[in-house]
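Visitor: Here you go, this is start_17.cif (mmCIF, C-alpha atoms).
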data_protein
#
loop_
_atom_site.label_atom_id
_atom_site.label_comp_id
_atom_site.auth_asym_id
_atom_site.auth_seq_id
_atom_site.Cartn_x
_atom_site.Cartn_y
_atom_site.Cartn_z
CA MET P 1 -14.82 13.49 12.02
CA HIS P 2 -13.49 15.65 9.23
CA HIS P 3 -13.13 12.74 6.80
CA VAL P 4 -15.41 9.82 5.94
CA LEU P 5 -13.93 6.40 5.23
CA GLU P 6 -13.97 5.72 1.48
CA SER P 7 -12.57 2.21 1.11
CA ARG P 8 -10.74 -0.66 2.74
CA GLU P 9 -7.85 -2.60 1.23
CA TYR P 10 -6.78 -6.10 2.28
CA LYS P 11 -3.02 -6.61 1.80
CA LEU P 12 -0.72 -9.64 1.86
CA LEU P 13 3.03 -9.63 1.26
CA LEU P 14 4.21 -12.48 -0.97
CA GLU P 15 7.42 -14.48 -1.13
CA PHE P 16 9.44 -12.39 -3.57
CA SER P 17 11.40 -15.26 -5.13
CA HIS P 18 8.28 -16.16 -7.15
CA PHE P 19 8.31 -12.69 -8.76
CA ASP P 20 12.03 -11.94 -9.00
CA ALA P 21 12.10 -12.38 -12.77
CA ASN P 22 10.77 -9.79 -15.20
CA PRO P 23 7.15 -9.20 -14.08
CA THR P 24 5.15 -10.23 -17.13
CA LEU P 25 1.40 -10.26 -17.65
CA GLU P 26 1.62 -14.02 -18.11
CA LEU P 27 3.23 -14.35 -14.67
CA ALA P 28 0.57 -12.17 -13.04
CA ASN P 29 -2.36 -14.02 -14.59
CA SER P 30 -0.82 -17.40 -13.83
CA PHE P 31 -0.67 -16.38 -10.16
CA TRP P 32 -4.29 -15.18 -10.33
CA ASP P 33 -5.50 -18.36 -12.01
CA GLN P 34 -3.54 -20.89 -9.95
CA ARG P 35 -3.29 -19.31 -6.49
CA ILE P 36 -6.05 -16.73 -6.02
CA LYS P 37 -9.08 -17.97 -7.99
CA PRO P 38 -9.11 -21.41 -6.30
CA THR P 39 -9.33 -19.71 -2.90
CA ILE P 40 -12.14 -17.44 -4.08
CA GLU P 41 -14.10 -20.41 -5.40
CA GLY P 42 -13.30 -22.68 -2.47
CA ARG P 43 -14.00 -20.16 0.28
CA LEU P 44 -16.85 -18.10 -1.17
CA GLY P 45 -18.61 -20.54 -3.48
CA LYS P 46 -20.41 -19.44 -6.61
CA ARG P 47 -22.77 -16.56 -7.26
CA GLY P 48 -25.64 -18.45 -8.79
CA ARG P 49 -23.93 -20.48 -11.50
CA ASN P 50 -21.06 -18.04 -11.91
CA SER P 51 -17.70 -17.80 -10.21
CA ARG P 52 -17.19 -14.81 -7.93
CA ALA P 53 -13.73 -14.41 -9.52
CA GLU P 54 -14.05 -12.05 -12.47
CA GLU P 55 -11.81 -10.87 -15.30
CA TRP P 56 -8.00 -10.93 -15.50
CA PHE P 57 -5.06 -8.68 -14.85
CA ALA P 58 -4.20 -6.15 -17.54
CA THR P 59 -0.75 -4.94 -18.62
CA ALA P 60 1.16 -3.46 -15.70
CA GLU P 61 1.52 0.21 -14.95
CA VAL P 62 5.27 0.79 -14.53
CA LYS P 63 6.54 3.65 -12.38
CA SER P 64 9.61 4.77 -10.45
CA VAL P 65 9.08 5.21 -6.71
CA ARG P 66 11.10 6.76 -3.89
CA PHE P 67 10.28 7.62 -0.27
CA TRP P 68 11.74 10.69 1.45
CA ASP P 69 12.48 11.67 5.06
CA THR P 70 14.88 13.76 7.12
CA SER P 71 18.12 12.30 8.47
CA ALA P 72 16.43 12.14 11.89
CA CYS P 73 13.42 10.31 10.40
CA LEU P 74 11.09 13.11 11.43
CA LEU P 75 8.24 12.03 9.17
CA THR P 76 8.48 8.33 10.03
CA ARG P 77 8.53 9.06 13.77
CA CYS P 78 5.30 11.04 13.37
CA ASN P 79 3.62 8.27 11.31
CA TYR P 80 3.91 10.16 8.02
CA ALA P 81 5.34 8.95 4.71
CA LEU P 82 6.34 11.12 1.76
CA ARG P 83 6.31 9.26 -1.55
CA GLU P 84 7.47 10.34 -4.98
CA ARG P 85 6.08 8.37 -7.91
CA VAL P 86 7.14 9.08 -11.51
CA SER P 87 5.22 7.48 -14.35
CA ASN P 88 6.86 6.13 -17.47
CA ARG P 89 6.74 8.54 -20.35
CA LYS P 90 3.37 8.27 -22.05
CA GLU P 91 3.12 7.97 -25.80
CA GLY P 92 3.07 11.45 -27.35
CA SER P 93 4.26 13.11 -24.13
CA ARG P 94 7.63 14.79 -23.75
CA LYS P 95 7.63 14.82 -19.98
CA GLN P 96 7.28 12.25 -17.27
CA GLN P 97 4.59 13.00 -14.71
CA ARG P 98 5.67 13.25 -11.07
CA GLU P 99 3.16 12.64 -8.29
CA ILE P 100 3.95 13.46 -4.66
CA THR P 101 1.89 11.87 -1.89
CA LEU P 102 1.87 12.65 1.82
CA LYS P 103 0.28 9.94 3.94
CA LEU P 104 -0.55 9.66 7.63
CA ARG P 105 -1.14 6.08 8.81
CA MET P 106 -2.09 5.04 12.34
CA PRO P 107 -4.19 2.41 14.15
CA ASP P 108 -6.59 5.06 15.53
CA MET P 109 -9.29 5.90 13.00
CA PHE P 110 -10.55 8.97 14.86
CA VAL P 111 -7.14 10.61 15.17
CA VAL P 112 -6.51 10.12 11.46
CA ALA P 113 -10.01 11.27 10.47
CA ALA P 114 -9.65 14.50 12.44
CA THR P 115 -6.28 15.41 10.89
CA SER P 116 -6.15 18.35 8.51
CA LEU P 117 -4.22 17.71 5.30
CA ARG P 118 -4.19 20.37 2.63
CA GLY P 119 -2.51 20.66 -0.74
CA ALA P 120 -2.42 22.71 -3.89
CA GLN P 121 -5.47 23.05 -6.10
CA GLY P 122 -6.34 19.73 -7.69
CA ALA P 123 -4.87 17.66 -4.86
CA LYS P 124 -6.66 14.37 -4.23
CA ILE P 125 -7.45 13.28 -0.66
CA ALA P 126 -8.23 9.68 0.31
CA PHE P 127 -9.23 8.20 3.69
CA GLU P 128 -8.83 4.42 3.69
CA GLU P 129 -8.55 1.41 5.97
CA ASP P 130 -5.52 -0.83 5.42
CA ILE P 131 -6.05 -4.44 6.55
CA ALA P 132 -3.20 -6.89 7.05
CA PRO P 133 -2.73 -10.21 8.86
CA LEU P 134 -2.56 -10.06 12.64
CA GLU P 135 1.10 -10.52 13.52
CA VAL P 136 2.57 -11.95 16.70
CA ALA P 137 6.10 -12.13 18.07
CA ASP P 138 8.18 -14.79 16.36
CA GLN P 139 10.43 -16.65 18.79
CA SER P 140 12.44 -18.19 15.93
CA TYR P 141 13.95 -14.85 14.83
CA PRO P 142 16.27 -14.34 12.89
CA THR P 143 14.62 -17.01 10.71
CA SER P 144 11.72 -14.60 10.29
CA LYS P 145 10.72 -11.32 11.91
CA VAL P 146 6.98 -11.81 12.09
CA ALA P 147 4.53 -14.66 12.38
CA ILE P 148 0.85 -14.70 11.47
CA SER P 149 -1.47 -15.44 14.38
CA THR P 150 -3.19 -18.78 14.82
CA PRO P 151 -6.10 -18.76 14.28
CA ARG P 152 -5.71 -16.33 11.42
CA SER P 153 -7.08 -12.85 11.98
CA ILE P 154 -6.64 -9.24 10.85
CA ARG P 155 -5.28 -5.91 12.04
CA SER P 156 -6.32 -2.50 10.77
CA ARG P 157 -4.58 0.80 10.26
CA PHE P 158 -6.15 3.93 8.85
CA SER P 159 -4.51 6.18 6.31
CA LEU P 160 -5.22 9.72 5.20
CA SER P 161 -3.32 10.66 2.07
CA ILE P 162 -3.10 13.67 -0.19
CA SER P 163 -1.59 13.45 -3.68
CA ILE P 164 -0.53 16.13 -6.13
CA LYS P 165 0.22 15.34 -9.77
CA GLY P 166 2.44 17.28 -12.14
CA VAL P 167 4.96 18.37 -9.50
CA ALA P 168 7.99 19.98 -11.13
CA SER P 169 10.82 18.59 -9.03
CA GLU P 170 11.68 16.07 -6.34
CA PRO P 171 10.89 16.93 -2.69
CA SER P 172 14.48 17.39 -1.52
CA THR P 173 13.77 19.76 1.41
CA LEU P 174 11.14 19.96 4.12
CA SER P 175 10.35 23.52 3.03
CA TYR P 176 9.48 22.24 -0.45
CA ALA P 177 7.25 19.53 1.04
CA ALA P 178 5.61 22.15 3.27
CA ALA P 179 4.95 24.36 0.23
CA LEU P 180 3.13 21.44 -1.39
CA PHE P 181 1.30 20.49 1.82
CA PRO P 182 0.76 23.65 3.95
CA THR P 183 -0.46 21.90 7.12
CA LEU P 184 2.52 19.52 7.30
CA LEU P 185 4.72 21.54 9.69
CA THR P 186 1.79 22.37 11.96
CA ASN P 187 0.84 18.70 12.13
CA LEU P 188 4.41 17.67 12.93
CA GLU P 189 4.67 20.26 15.69
CA ALA P 190 1.35 19.06 17.13
CA ARG P 191 2.97 15.65 17.51
CA GLY P 192 5.90 17.13 19.42
CA ALA P 193 8.37 17.20 16.53
CA LEU P 194 10.58 20.25 16.08
CA ALA P 195 10.48 20.74 12.34
CA SER P 196 12.78 23.14 10.53
CA ARG P 197 12.01 24.28 7.01
CA SER P 198 15.72 24.02 6.22
CA ASN P 199 15.80 20.28 6.88
CA GLN P 200 17.18 18.41 3.90
CA LEU P 201 15.31 15.29 2.86
CA GLN P 202 17.01 12.07 1.83
CA HIS P 203 15.43 9.33 -0.22
CA GLY P 204 15.30 5.58 0.19
CA PRO P 205 16.19 3.08 -2.51
CA ALA P 206 15.13 3.66 -6.09
CA ILE P 207 12.23 1.32 -6.85
CA GLN P 208 10.86 0.07 -10.13
CA GLU P 209 7.18 -0.58 -9.53
CA HIS P 210 4.91 -2.86 -11.58
CA VAL P 211 1.21 -2.82 -10.68
CA PHE P 212 -1.19 -5.26 -12.35
CA LYS P 213 -4.90 -4.42 -12.05
CA GLY P 214 -8.15 -5.66 -13.54
CA ALA P 215 -8.93 -8.93 -11.72
CA LYS P 216 -11.94 -8.74 -9.39
CA VAL P 217 -14.00 -10.64 -6.86
CA ARG P 218 -17.77 -10.19 -6.63
CA LEU P 219 -18.50 -9.95 -2.89
CA ALA P 220 -22.17 -8.96 -3.10
CA SER P 221 -24.58 -7.18 -5.39
CA GLY P 222 -23.00 -3.76 -5.87
CA THR P 223 -19.79 -4.58 -3.98
CA THR P 224 -16.65 -5.68 -5.80
CA GLY P 225 -13.13 -6.23 -4.56
CA GLU P 226 -10.57 -4.98 -7.07
CA PHE P 227 -7.30 -6.92 -7.00
CA ALA P 228 -3.83 -5.50 -7.52
CA LEU P 229 -0.55 -7.38 -7.78
CA THR P 230 2.27 -4.98 -6.89
CA ILE P 231 5.91 -5.87 -7.49
CA TRP P 232 8.81 -3.66 -6.40
CA HIS P 233 12.39 -4.17 -7.54
CA PHE P 234 15.00 -2.27 -5.51
CA ALA P 235 18.07 -0.83 -7.20
CA PRO P 236 21.45 -2.21 -5.98
CA PRO P 237 23.09 -2.26 -3.50
CA GLU P 238 19.99 -2.88 -1.36
CA PRO P 239 20.26 -6.19 0.55
CA VAL P 240 16.63 -6.99 -0.30
CA ARG P 241 16.04 -7.43 -4.02
CA GLY P 242 12.37 -6.55 -3.89
CA VAL P 243 8.94 -7.13 -2.43
CA ALA P 244 5.60 -8.33 -3.81
CA GLU P 245 2.06 -7.81 -2.57
CA ILE P 246 -1.40 -9.06 -3.48
CA SER P 247 -4.31 -6.91 -2.37
CA PHE P 248 -7.98 -6.33 -3.01
CA LYS P 249 -9.76 -3.04 -2.42
CA CYS P 250 -13.43 -2.41 -1.69
CA GLY P 251 -14.87 1.05 -2.14
CA PHE P 252 -18.05 2.14 -0.38
CA GLU P 253 -20.20 5.16 0.35
CA ASN P 254 -21.06 6.95 3.60
CA GLY P 255 -18.29 5.17 5.46
CA THR P 256 -20.01 1.77 5.59
CA MET P 257 -19.76 -1.62 3.90
CA PRO P 258 -22.70 -4.05 3.59
CA GLY P 259 -22.49 -6.84 6.15
CA ALA P 260 -22.64 -9.72 3.67
CA ALA P 261 -19.87 -8.19 1.56
CA ALA P 262 -17.72 -7.51 4.63
CA GLN P 263 -18.13 -11.12 5.81
CA ARG P 264 -17.11 -12.52 2.42
CA ALA P 265 -14.12 -10.16 2.25
CA PHE P 266 -13.06 -11.31 5.72
CA ASP P 267 -13.51 -14.99 4.82
CA LEU P 268 -11.52 -14.53 1.63
CA PHE P 269 -8.67 -12.74 3.39
CA ILE P 270 -8.44 -15.43 6.06
CA GLY P 271 -8.58 -18.07 3.32
CA LEU P 272 -5.74 -16.44 1.40
CA GLN P 273 -3.59 -16.38 4.54
CA GLU P 274 -4.17 -20.10 5.00
CA ASP P 275 -4.05 -21.24 1.38
CA LEU P 276 -0.98 -19.28 0.25
CA GLY P 277 1.05 -20.80 3.09
CA ASN P 278 4.77 -20.64 2.33
CA GLY P 279 3.98 -18.30 -0.55
CA LEU P 280 3.68 -15.48 2.00
CA ASP P 281 6.53 -13.18 3.04
CA LEU P 282 7.03 -13.45 6.80
CA GLN P 283 10.28 -11.49 6.82
CA HIS P 284 8.81 -8.00 6.60
CA PRO P 285 5.73 -6.23 8.00
CA SER P 286 5.15 -3.85 5.06
CA LYS P 287 6.41 -2.64 1.68
CA THR P 288 6.92 0.91 2.92
CA GLU P 289 9.28 -0.08 5.72
CA LEU P 290 11.70 -1.53 3.17
CA ALA P 291 11.51 1.60 1.02
CA LEU P 292 12.35 4.20 3.66
CA PRO P 293 15.76 5.91 3.83
CA LEU P 294 18.43 3.92 5.63
CA GLY P 295 18.11 4.54 9.36
CA CYS P 296 14.34 5.06 9.20
CA ARG P 297 13.51 1.38 8.76
CA GLY P 298 12.45 -0.80 11.66
CA GLU P 299 15.50 -3.03 11.37
#
If you took the structure in this file and wrote it as structure tokens, what would it be?

Guide:
Amino acid sequence: MHHVLESREYKLLLEFSHFDANPTLELANSFWDQRIKPTIEGRLGKRGRNSRAEEWFATAEVKSVRFWDTSACLLTRCNYALRERVSNRKEGSRKQQREITLKLRMPDMFVVAATSLRGAQGAKIAFEEDIAPLEVADQSYPTSKVAISTPRSIRSRFSLSISIKGVASEPSTLSYAAALFPTLLTNLEARGALASRSNQLQHGPAIQEHVFKGAKVRLASGTTGEFALTIWHFAPPEPVRGVAEISFKCGFENGTMPGAAAQRAFDLFIGLQEDLGNGLDLQHPSKTELALPLGCRGE
């Protein structure tokens, strides 16, 4: 494999109505204290005399986010996503910082690991496992699109991403994206897609993103899960007002995770699926699907 797995992130979509108001730090820490910490303590027990739940969320990072694709959804059809993220202006800075990320995400770890992604000097590459609830067909549709399996379980997808910060302008053409990521066109062609450099890119809805970080769970000695509460608000006239997600991420070295830590992470994720109950979003399979250009969503 060309890439070694660096981390795994456990993700749950949340019922957005609980987060539709202005996302405040008080709201985030109330959710942590009342909904997440009890599951950590109830499912994992204590670490000696101490709770495995550690610290609190800090003030949110606020950014503007958009996803880009061709009118024929070339990137989406080949399991790629192109994301533009613009940070709020920092104190003392005259310019906003734009970050462009190209991500390949698939269920097959070996295919993803063997993929070549290249970018300009200073580009950051990450190879991660994304873990979500195992979903099954929901016979009650259109009440909801997905249902979580019983008994609760997980499904994994693997993502290889490359990010470049300080990009001057938005990625409005495929040729511009290919200039940022030189292997993109070759990779698309290898998947049977006829890519033209002249292809214009269109963006999905404008998103205001709030990400709260800082809360943690101690899974084992040397292994910590770092929580993030992510809230997206979509600009009108999108039919969906927004989406919220709670996740915890575990980094590791040499592509492995200690068994005891992995078992506790699994137990916690199953526990959150059960304990959050109707606080989960069963309408949508992922945040990204809602953020794609119209016509590229799995609707």

Visitor: Fewer than 4 positions away in the same chain doesn't count, so skip those; otherwise give me all residues within 12 Å of Met257 of chain P, counting all atoms listed in the file, as a PyMOL selection string.

Guide: chain P and resi 5-8+129+219-225+249-253+261-266

Visitor: Which is closest to Leu104 of chain P among P:Leu174, P:Leu184, P:Leu27, P:Ser156, if we use only C-alpha atoms?

Guide: P:Leu184

Visitor: Identify the residues around (-2.3, -16.5, -2.7) within a radius of 7 Å, measuring from all atoms listed in the file in the coordinates stated by the file, and give them as a PDB file with C-alpha atoms, in the frame of the given file.

Guide:
ATOM      1  CA  ARG P  35      -3.290 -19.310  -6.490  1.00  0.00           C
ATOM      2  CA  ILE P  36      -6.050 -16.730  -6.020  1.00  0.00           C
ATOM      3  CA  LEU P 272      -5.740 -16.440   1.400  1.00  0.00           C
ATOM      4  CA  ASP P 275      -4.050 -21.240   1.380  1.00  0.00           C
ATOM      5  CA  LEU P 276      -0.980 -19.280   0.250  1.00  0.00           C
ATOM      6  CA  GLY P 279       3.980 -18.300  -0.550  1.00  0.00           C
TER       7      GLY P 279
END

Visitor: So which residues get picked by the PyMOL selection byres ((chain P and resi 230) around 6) here, written as a ChimeraX atom specification?

Guide: /P:210-211,229,231,244-245

Visitor: Write out as a compact mmCIF listing (two decimals) with C-alpha atoms, in the coordinates of the input which residues come within 6 Å of Phe158 of chain P when counting all atoms listed in the file, dropping same-chain ones fewer than 6 positions away.

Guide:
# COMPACT_ATOMS: atom_id res chain seq x y z
CA ARG P 105 -1.14 6.08 8.81
CA MET P 106 -2.09 5.04 12.34
CA PRO P 107 -4.19 2.41 14.15
CA MET P 109 -9.29 5.90 13.00
CA GLU P 128 -8.83 4.42 3.69
CA GLU P 129 -8.55 1.41 5.97
CA ASP P 130 -5.52 -0.83 5.42

Visitor: Could you write out as a ChimeraX atom specification the residues that the PyMOL selection byres ((chain P and resi 41-43) around 7) matches in the shown file?

Guide: /P:37-40,44-46,51-52,267-268,271

Visitor: I'd like the interatomic distance between atom CA of Leu188 of chain P and atom CA of Leu75 of chain P, to a tenth of an Å.

Guide: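 For atom CA of Leu188 of chain P relative to atom CA of Leu75 of chain P, the distance reads 7.8 Å.
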
Visitor: From the options P:Glu289, P:Glu189, P:Glu84, P:Glu15, which residue's atoms come nearest to Glu99 of chain P, counting all atoms listed in the file?

Guide: P:Glu84

Visitor: Leaving out Glu274 of chain P and any residue of its chain fewer than 6 positions from it, which residues lie within 10 Å of it when counting all atoms listed in the file, given as an NGL selection string?

Guide: :P and (39 or 148 or 150-152 or 268 or 280)

Visitor: Could you check the closest approach to Arg191 of chain P for each of P:Ser149, P:Thr256, P:Thr115, P:Ser30 and tell me which residue wins, using only C-alpha atoms?

Guide: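 Ranked by minimum distance to Arg191 of chain P, first place goes to P:Thr115.
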
Visitor: At a cut-off of 12 Å, using all atoms listed in the file, what residues contact Glu135 of chain P? Leave out same-chain residues fewer than 3 positions from it and give the result as a count of residues only.

Guide: 23

Visitor: Please write as JSON, numbers by chain the full residue list that the PyMOL selection byres ((chain P and resi 83) around 8) yields on this file.

Guide: {"P": [65, 66, 67, 68, 81, 82, 84, 85, 100, 101, 102]}

Visitor: In Å, with one decimal, what is the gap from atom CA of Asn254 of chain P to atom CA of Leu180 of chain P?

Guide: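 Computing it gives 28.6 Å between the two atoms.
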